[in-house]
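Each remark here refers to the structure printed beneath this line.
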Amino acid sequence: MNKTIRRASVFTLLLVFALLVRATWVQFYDGQALADDKNNRRNTMALYSQPLGNIIVGGEAVTGSAPTKSGDLAYKRTYTDGSLYSAVTGYSSQAFGATQLEGIYQDLLDGSDTRVKSVMDTITDKRADPGNVITTIDPDVQKAAYDALGDKKGAAVAIDPATGKILAVVSTPSYDPSRIATGDSEAWTQLTKDPEKPMTNRALRQPLPPGSTFKLVVAAAALEDGLYSSVDEKTKSPDPYPLPDTNRELGNENPNAPCEDASIRVALQYSCNNVFGKMAVDLGQDKVRETAEKFGFNDEEQDVPVRAYPSVYPSDMDRPQTALSGIGQFDVTATPLQIAMVSAAIANGGKLVSPHMVSQITDGGGDVLENYDDSAETKEIVSSDTAEQLQSAMQTVVEEGTGTNARIPGATVGGKTGTAQHGEKNSKTPYAWFTSYGKADGKEVAVAVIVEQSNASRSEVSGNGLAAPVAKKVMEAALKN
């Protein structure tokens with residue numbers, strides 16, 4: 001063999017060796033990364049090659065799977081009453097991925113979760129029968145909240161204070177996940193570009209100024225700290241309250257309300273800004289923050305199991321800012337979930353059971369893989385005495401104060417209204433809040449409602465006028481079941 005042929009042969013063998021090394025590397029090292037790549041169409045084909053498991057509400061599936069008529073995907077995701085439950089389910093789309101419960105439990109719902117695989121499935125790498133997600137949502141309570149909000153932009157959350165079960169999560173305007181399940185790009189563009197943001201979960205993931213509903217937290221801090229021994233002890237609160245270190249004053253919406261030196265009960269009844277602004281300054285921001293964080297504010301990992309956006313009580317405020325924080329303004333923000341948690345803890349004797357909207361997950365045969373009801377954590381937020389006093393004061397708000405539209409015959413109802421300023425110098429329509437609890441015949445529920453926008457004129461926007469009637473409908477549905 002001459003020298004040239006020998007060199008060519010060696011070079012060819014080196015090329016073959018390099019190809020073998022590269023093939024081995026791809027097979028054993030890059031293979032998993034390629035398999036997991038979001039742009040790998042085979043993953044989507046595998047996901048929709050058989051029916052998915054379901055999300056269950058009230059014993060009935062609100063999701064489903066239907067055979068497709070064309071294309072390389074055998075099935076598509078379907079939704080029953082999609083607009084009603086979208087804030088709970090999220091969506092599972094052939095093109096746009098999955099969100100909320102659909103995303104969190106995707107492996108369970110598509111049968112790839114190791115917990116639903118038998119030994120034989122593991123050996124053969126066969127996809128197991130998918131599991132199901134059983135929610136805590138009560139369909140009657142969910143529908144009552146959705147219907148009551150109607151064409152208003154807003155949200156509602158209802159919680160069973162004794163168990164932490166979330167009975168309703170509603171965000172309006174809503175959307176039907178079926179529209180984007182098959183990857184309809186036109187529908188996706190329309191929904192994502194809509195200025196009303198129907199795909200935003202306002203109940204869990206849009207913190208806004210809570211306004212006067214935050215006064216419950218400040219009142220709890222004052223009672224726990226001993227600043228005041230009772231909700232009926234008179235406070236030292238000038239009306240209007242001169243904001244410290246400024247030439248401004250903090251007045252009240254109703255200048256004729258008996259807010260000067262008002263007790264906590266009267267101050268909640270008439271929603272006296274002067275009382276709670278001064279109370280926050282007297283306590284100091286650190287003590288208010290400590291109580292707020294016990295209720296759940298500033299929690300970066302608030303999972304229900306959908307990750308809720310943190311509700312915020314700010315730091316490093318000066319005294320005027322601390323006063324404004326006492327009435328739920330300045331940089332204080334909260335989700336409806338967080339405000340419902342405040343009422344739930346108060347209604348439950350000062351103890352907060354961790355809120356959750358999934359009761360159980362099961363395998364394809366119905367065997368329970370995990371029971372979240374049994375593992376719900378309970379924390380004491382305030383003493384039972386403080387909780388009882390605040391319950392009583394909240395009842396006064398509904399019976400004789402600013403929350404009369406939440407009265408329910410035959411039920412004990414306590415509440416707190418809120419009207420939060422919005423925009424520079426309060427230039428935009430305020431947010432209307434109402435948070436409450438209701439008890440009747442051994443049943444109880446805590447509710448928070450926000451109405452961001454409605455057809456009402458600015459002068460008619462109030463927690464009692466817009467949000468309390470929604471909360472009433474939700475409480476009625478929960479207490480009659």
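Following the order of the structure tokens, first chain is A, next is B, and so on, with residues numbered from 1 inside each chain and ligands from 1 in the order they appear.
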
Practice item. Among the residues of stretch 70-283 of chain A, find those DSSP assigns to alpha helix (DSSP H) from the backbone and print them as a PyMOL selection string. Key: chain A and resi 82-89+100-104+106-110+119-124+139-149+178-181+185-193+202-205+215-225+264-270+273-283

Practice item. Determine, counting only C-alpha atoms, which protein, DNA and RNA residues have an atom within 12 Å of an atom of A:Ala347; residues of the same chain fewer than 4 positions away are not included. Present the result as an MDAnalysis selection string. Key: chainID A and resid 159:164 340:343 351:353 381:395 412:415 435:439 443:447

Could you turn the residues from that selection into a file that holds C-alpha atoms, as a CSV table (one decimal), in the first residue's frame?
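Saved to result-v1.csv:
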chain,number,residue,atom,x,y,z
A,159,ILE,CA,-62.4,29.9,51.9
A,160,ASP,CA,-63.7,27.5,54.5
A,161,PRO,CA,-62.0,29.0,57.7
A,162,ALA,CA,-62.1,25.7,59.6
A,163,THR,CA,-60.4,23.6,56.9
A,164,GLY,CA,-58.6,26.0,54.6
A,340,ALA,CA,-59.8,36.4,52.4
A,341,MET,CA,-57.1,34.8,54.6
A,342,VAL,CA,-57.4,37.7,57.0
A,343,SER,CA,-61.1,37.2,57.4
A,351,LYS,CA,-56.0,30.4,63.6
A,352,LEU,CA,-55.3,30.3,59.9
A,353,VAL,CA,-55.5,26.9,58.2
A,381,ILE,CA,-52.2,34.4,63.9
A,382,VAL,CA,-53.8,36.2,66.8
A,383,SER,CA,-55.2,35.2,70.2
A,384,SER,CA,-58.7,33.9,70.4
A,385,ASP,CA,-59.7,36.9,72.5
A,386,THR,CA,-58.4,39.3,69.7
A,387,ALA,CA,-60.3,37.2,67.1
A,388,GLU,CA,-63.5,37.3,69.1
A,389,GLN,CA,-63.3,41.0,69.5
A,390,LEU,CA,-62.7,41.6,65.8
A,391,GLN,CA,-65.5,39.3,64.9
A,392,SER,CA,-67.8,41.3,67.0
A,393,ALA,CA,-66.6,44.6,65.5
A,394,MET,CA,-67.0,43.2,62.0
A,395,GLN,CA,-70.5,42.3,62.8
A,412,THR,CA,-74.1,35.9,61.5
A,413,VAL,CA,-72.1,38.1,59.2
A,414,GLY,CA,-69.1,40.3,59.8
A,415,GLY,CA,-67.3,42.4,57.3
A,435,THR,CA,-64.1,41.1,53.0
A,436,SER,CA,-66.3,39.1,55.3
A,437,TYR,CA,-67.2,36.0,57.1
A,438,GLY,CA,-70.5,34.3,57.4
A,439,LYS,CA,-71.7,31.6,59.9
A,443,LYS,CA,-71.2,26.2,58.4
A,444,GLU,CA,-68.9,29.1,57.8
A,445,VAL,CA,-67.1,30.8,55.0
A,446,ALA,CA,-64.7,33.7,54.6
A,447,VAL,CA,-64.9,35.8,51.4

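Compared by their closest atoms to A:Pro258, and using only C-alpha atoms, the residues A:Gly364, A:Pro198, A:Pro238, A:Gly277 rank with A:Pro238 nearest.
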
Point to revise | Contacts of stretch 330-334 of chain A within 10 Å, only C-alpha atoms, excl. fewer than 3 positions in-chain, as a PyMOL selection string | key: chain A and resi 203-211+213-214+296-298+309-315+317+320-327+337-339+421

Pull N, CA, C and O atoms from the residues just selected and write them as a CSV table (one decimal), in the first residue's frame.
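Saved as result16.csv:
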chain,number,residue,atom,x,y,z
A,203,ALA,N,-57.7,37.0,41.1
A,203,ALA,CA,-57.9,36.5,42.4
A,203,ALA,C,-56.6,36.1,43.2
A,203,ALA,O,-56.5,36.3,44.4
A,204,LEU,N,-55.6,35.6,42.4
A,204,LEU,CA,-54.4,35.1,43.0
A,204,LEU,C,-53.2,35.8,42.6
A,204,LEU,O,-52.2,35.8,43.3
A,205,ARG,N,-53.2,36.5,41.5
A,205,ARG,CA,-51.9,37.0,40.9
A,205,ARG,C,-52.0,38.5,40.5
A,205,ARG,O,-51.2,38.9,39.6
A,206,GLN,N,-52.8,39.3,41.1
A,206,GLN,CA,-52.8,40.7,40.8
A,206,GLN,C,-53.0,41.5,42.1
A,206,GLN,O,-54.1,41.8,42.5
A,207,PRO,N,-51.9,41.7,42.9
A,207,PRO,CA,-52.1,42.5,44.1
A,207,PRO,C,-52.4,43.9,43.8
A,207,PRO,O,-51.7,44.5,43.0
A,208,LEU,N,-53.3,44.5,44.6
A,208,LEU,CA,-53.7,45.9,44.4
A,208,LEU,C,-53.8,46.5,45.8
A,208,LEU,O,-53.9,45.8,46.8
A,209,PRO,N,-53.9,47.8,45.9
A,209,PRO,CA,-54.0,48.5,47.2
A,209,PRO,C,-55.3,48.0,47.9
A,209,PRO,O,-56.4,48.0,47.3
A,210,PRO,N,-55.3,47.5,49.1
A,210,PRO,CA,-56.5,46.9,49.8
A,210,PRO,C,-57.3,47.9,50.4
A,210,PRO,O,-58.4,47.5,50.9
A,211,GLY,N,-56.9,49.2,50.5
A,211,GLY,CA,-57.7,50.2,51.1
A,211,GLY,C,-58.1,49.8,52.6
A,211,GLY,O,-57.3,49.2,53.3
A,213,THR,N,-59.8,47.6,54.0
A,213,THR,CA,-59.9,46.2,54.5
A,213,THR,C,-58.6,45.9,55.3
A,213,THR,O,-58.6,45.1,56.2
A,214,PHE,N,-57.5,46.6,55.0
A,214,PHE,CA,-56.3,46.4,55.8
A,214,PHE,C,-56.4,46.9,57.2
A,214,PHE,O,-55.6,46.6,58.0
A,296,GLY,N,-49.9,36.5,56.3
A,296,GLY,CA,-49.4,36.0,55.0
A,296,GLY,C,-48.8,37.1,54.1
A,296,GLY,O,-48.3,36.7,53.0
A,297,PHE,N,-48.8,38.3,54.5
A,297,PHE,CA,-48.1,39.4,53.6
A,297,PHE,C,-46.6,39.1,53.5
A,297,PHE,O,-46.0,38.5,54.4
A,298,ASN,N,-46.1,39.5,52.4
A,298,ASN,CA,-44.6,39.4,52.1
A,298,ASN,C,-44.2,37.9,52.0
A,298,ASN,O,-43.0,37.7,52.1
A,309,TYR,N,-49.2,35.7,43.8
A,309,TYR,CA,-48.2,36.8,43.9
A,309,TYR,C,-48.2,37.3,45.3
A,309,TYR,O,-49.2,37.3,46.0
A,310,PRO,N,-47.0,37.7,45.8
A,310,PRO,CA,-46.9,38.2,47.2
A,310,PRO,C,-47.8,39.4,47.4
A,310,PRO,O,-47.8,40.3,46.6
A,311,SER,N,-48.5,39.5,48.5
A,311,SER,CA,-49.1,40.7,49.0
A,311,SER,C,-48.1,41.4,49.9
A,311,SER,O,-47.3,40.8,50.6
A,312,VAL,N,-48.0,42.7,49.8
A,312,VAL,CA,-46.8,43.4,50.3
A,312,VAL,C,-47.2,44.5,51.4
A,312,VAL,O,-48.1,45.3,51.2
A,313,TYR,N,-46.5,44.4,52.5
A,313,TYR,CA,-46.5,45.5,53.4
A,313,TYR,C,-45.0,46.0,53.4
A,313,TYR,O,-44.1,45.3,53.7
A,314,PRO,N,-44.8,47.2,53.0
A,314,PRO,CA,-43.5,47.7,52.7
A,314,PRO,C,-42.6,48.0,53.9
A,314,PRO,O,-43.1,48.0,55.0
A,315,SER,N,-41.3,48.2,53.6
A,315,SER,CA,-40.3,48.5,54.6
A,315,SER,C,-39.8,49.9,54.4
A,315,SER,O,-40.1,50.6,53.4
A,317,MET,N,-40.4,52.9,55.6
A,317,MET,CA,-41.3,54.1,55.4
A,317,MET,C,-41.0,55.1,56.4
A,317,MET,O,-40.5,54.9,57.5
A,320,PRO,N,-45.2,59.7,57.8
A,320,PRO,CA,-46.4,59.9,57.0
A,320,PRO,C,-46.8,58.7,56.2
A,320,PRO,O,-48.0,58.3,56.0
A,321,GLN,N,-45.8,58.0,55.6
A,321,GLN,CA,-46.1,56.8,54.8
A,321,GLN,C,-46.6,55.7,55.7
A,321,GLN,O,-47.5,55.0,55.2
A,322,THR,N,-46.1,55.6,56.9
A,322,THR,CA,-46.6,54.6,57.8
A,322,THR,C,-48.1,54.8,58.1
A,322,THR,O,-48.9,53.9,58.2
A,323,ALA,N,-48.4,56.1,58.3
A,323,ALA,CA,-49.8,56.5,58.5
A,323,ALA,C,-50.7,56.0,57.4
A,323,ALA,O,-51.8,55.4,57.5
A,324,LEU,N,-50.3,56.3,56.1
A,324,LEU,CA,-51.0,55.9,55.0
A,324,LEU,C,-51.1,54.4,54.8
A,324,LEU,O,-52.1,53.9,54.4
A,325,SER,N,-50.0,53.7,55.2
A,325,SER,CA,-50.1,52.2,55.2
A,325,SER,C,-51.2,51.7,56.1
A,325,SER,O,-51.7,50.6,55.9
A,326,GLY,N,-51.4,52.4,57.2
A,326,GLY,CA,-52.4,52.0,58.1
A,326,GLY,C,-53.9,52.0,57.6
A,326,GLY,O,-54.7,51.3,58.2
A,327,ILE,N,-54.1,52.7,56.5
A,327,ILE,CA,-55.4,52.6,55.8
A,327,ILE,C,-55.3,51.9,54.5
A,327,ILE,O,-56.2,52.1,53.6
A,337,LEU,N,-57.1,36.7,47.5
A,337,LEU,CA,-56.8,35.5,48.4
A,337,LEU,C,-56.2,36.0,49.7
A,337,LEU,O,-56.7,35.5,50.8
A,338,GLN,N,-55.3,36.9,49.8
A,338,GLN,CA,-54.7,37.4,51.0
A,338,GLN,C,-55.8,38.0,51.9
A,338,GLN,O,-55.8,37.7,53.1
A,339,ILE,N,-56.6,38.8,51.4
A,339,ILE,CA,-57.6,39.5,52.2
A,339,ILE,C,-58.7,38.5,52.7
A,339,ILE,O,-59.2,38.6,53.8
A,421,GLN,N,-57.7,54.1,46.8
A,421,GLN,CA,-57.4,55.1,45.8
A,421,GLN,C,-56.6,54.5,44.6
A,421,GLN,O,-55.8,53.6,44.9

Exercise for review: Could you give me, as a ChimeraX atom specification, the residues within 12 Å of A:Glu253, counting only C-alpha atoms and dropping anything in the same chain fewer than 5 positions from it?
Suggested key: /A:212,239-240,258-259,270-274,402,418-421,459,462

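The nearest approach to A:Asn405 among the residues A:Asp184, A:Pro430, A:Val470, A:Ala222, with only C-alpha atoms taken into account, belongs to A:Val470.
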
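Proximity of A:Ala406, A:Leu73, A:Leu52, A:Leu243 to A:Val474, computed with only C-alpha atoms, is greatest for A:Ala406.
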
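Distances to A:Gly442 were evaluated for A:His356, A:Lys379, A:Lys480, A:Lys278 using only C-alpha atoms, and the minimum falls at A:Lys480.
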
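Those residues that approach A:Val218 to within 8 Å, counting only C-alpha atoms, are Phe276, Met279, Ala280, Val288, Thr291 and Gly326 of chain A; same-chain residues fewer than 6 positions away are not listed.
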
Just write the chosen residues, N, CA, C and O atoms, as a PDB file, in the first residue's frame.
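The result, stored in result.pdb:
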ATOM      1  N   PHE A 276     -56.968  54.831  62.227  1.00  0.00           N
ATOM      2  CA  PHE A 276     -56.024  53.783  61.836  1.00  0.00           C
ATOM      3  C   PHE A 276     -54.715  54.350  61.293  1.00  0.00           C
ATOM      4  O   PHE A 276     -53.667  53.704  61.399  1.00  0.00           O
ATOM      5  N   MET A 279     -52.996  55.039  64.512  1.00  0.00           N
ATOM      6  CA  MET A 279     -52.701  53.761  65.166  1.00  0.00           C
ATOM      7  C   MET A 279     -51.447  53.121  64.567  1.00  0.00           C
ATOM      8  O   MET A 279     -50.605  52.571  65.284  1.00  0.00           O
ATOM      9  N   ALA A 280     -51.320  53.184  63.245  1.00  0.00           N
ATOM     10  CA  ALA A 280     -50.147  52.616  62.580  1.00  0.00           C
ATOM     11  C   ALA A 280     -48.885  53.345  63.006  1.00  0.00           C
ATOM     12  O   ALA A 280     -47.827  52.725  63.231  1.00  0.00           O
ATOM     13  N   VAL A 288     -46.677  46.607  62.864  1.00  0.00           N
ATOM     14  CA  VAL A 288     -47.737  46.363  61.881  1.00  0.00           C
ATOM     15  C   VAL A 288     -47.279  45.301  60.886  1.00  0.00           C
ATOM     16  O   VAL A 288     -48.034  44.382  60.542  1.00  0.00           O
ATOM     17  N   THR A 291     -47.460  41.702  62.267  1.00  0.00           N
ATOM     18  CA  THR A 291     -48.809  41.132  62.237  1.00  0.00           C
ATOM     19  C   THR A 291     -49.239  40.819  60.814  1.00  0.00           C
ATOM     20  O   THR A 291     -49.821  39.763  60.542  1.00  0.00           O
ATOM     21  N   GLY A 326     -51.437  52.429  57.179  1.00  0.00           N
ATOM     22  CA  GLY A 326     -52.444  51.999  58.140  1.00  0.00           C
ATOM     23  C   GLY A 326     -53.854  51.965  57.589  1.00  0.00           C
ATOM     24  O   GLY A 326     -54.735  51.316  58.165  1.00  0.00           O
TER      25      GLY A 326
END

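Distance check against A:Lys234 using only C-alpha atoms: of A:Lys215, A:Arg265, A:Lys76, A:Arg22, the minimum falls on A:Arg265.
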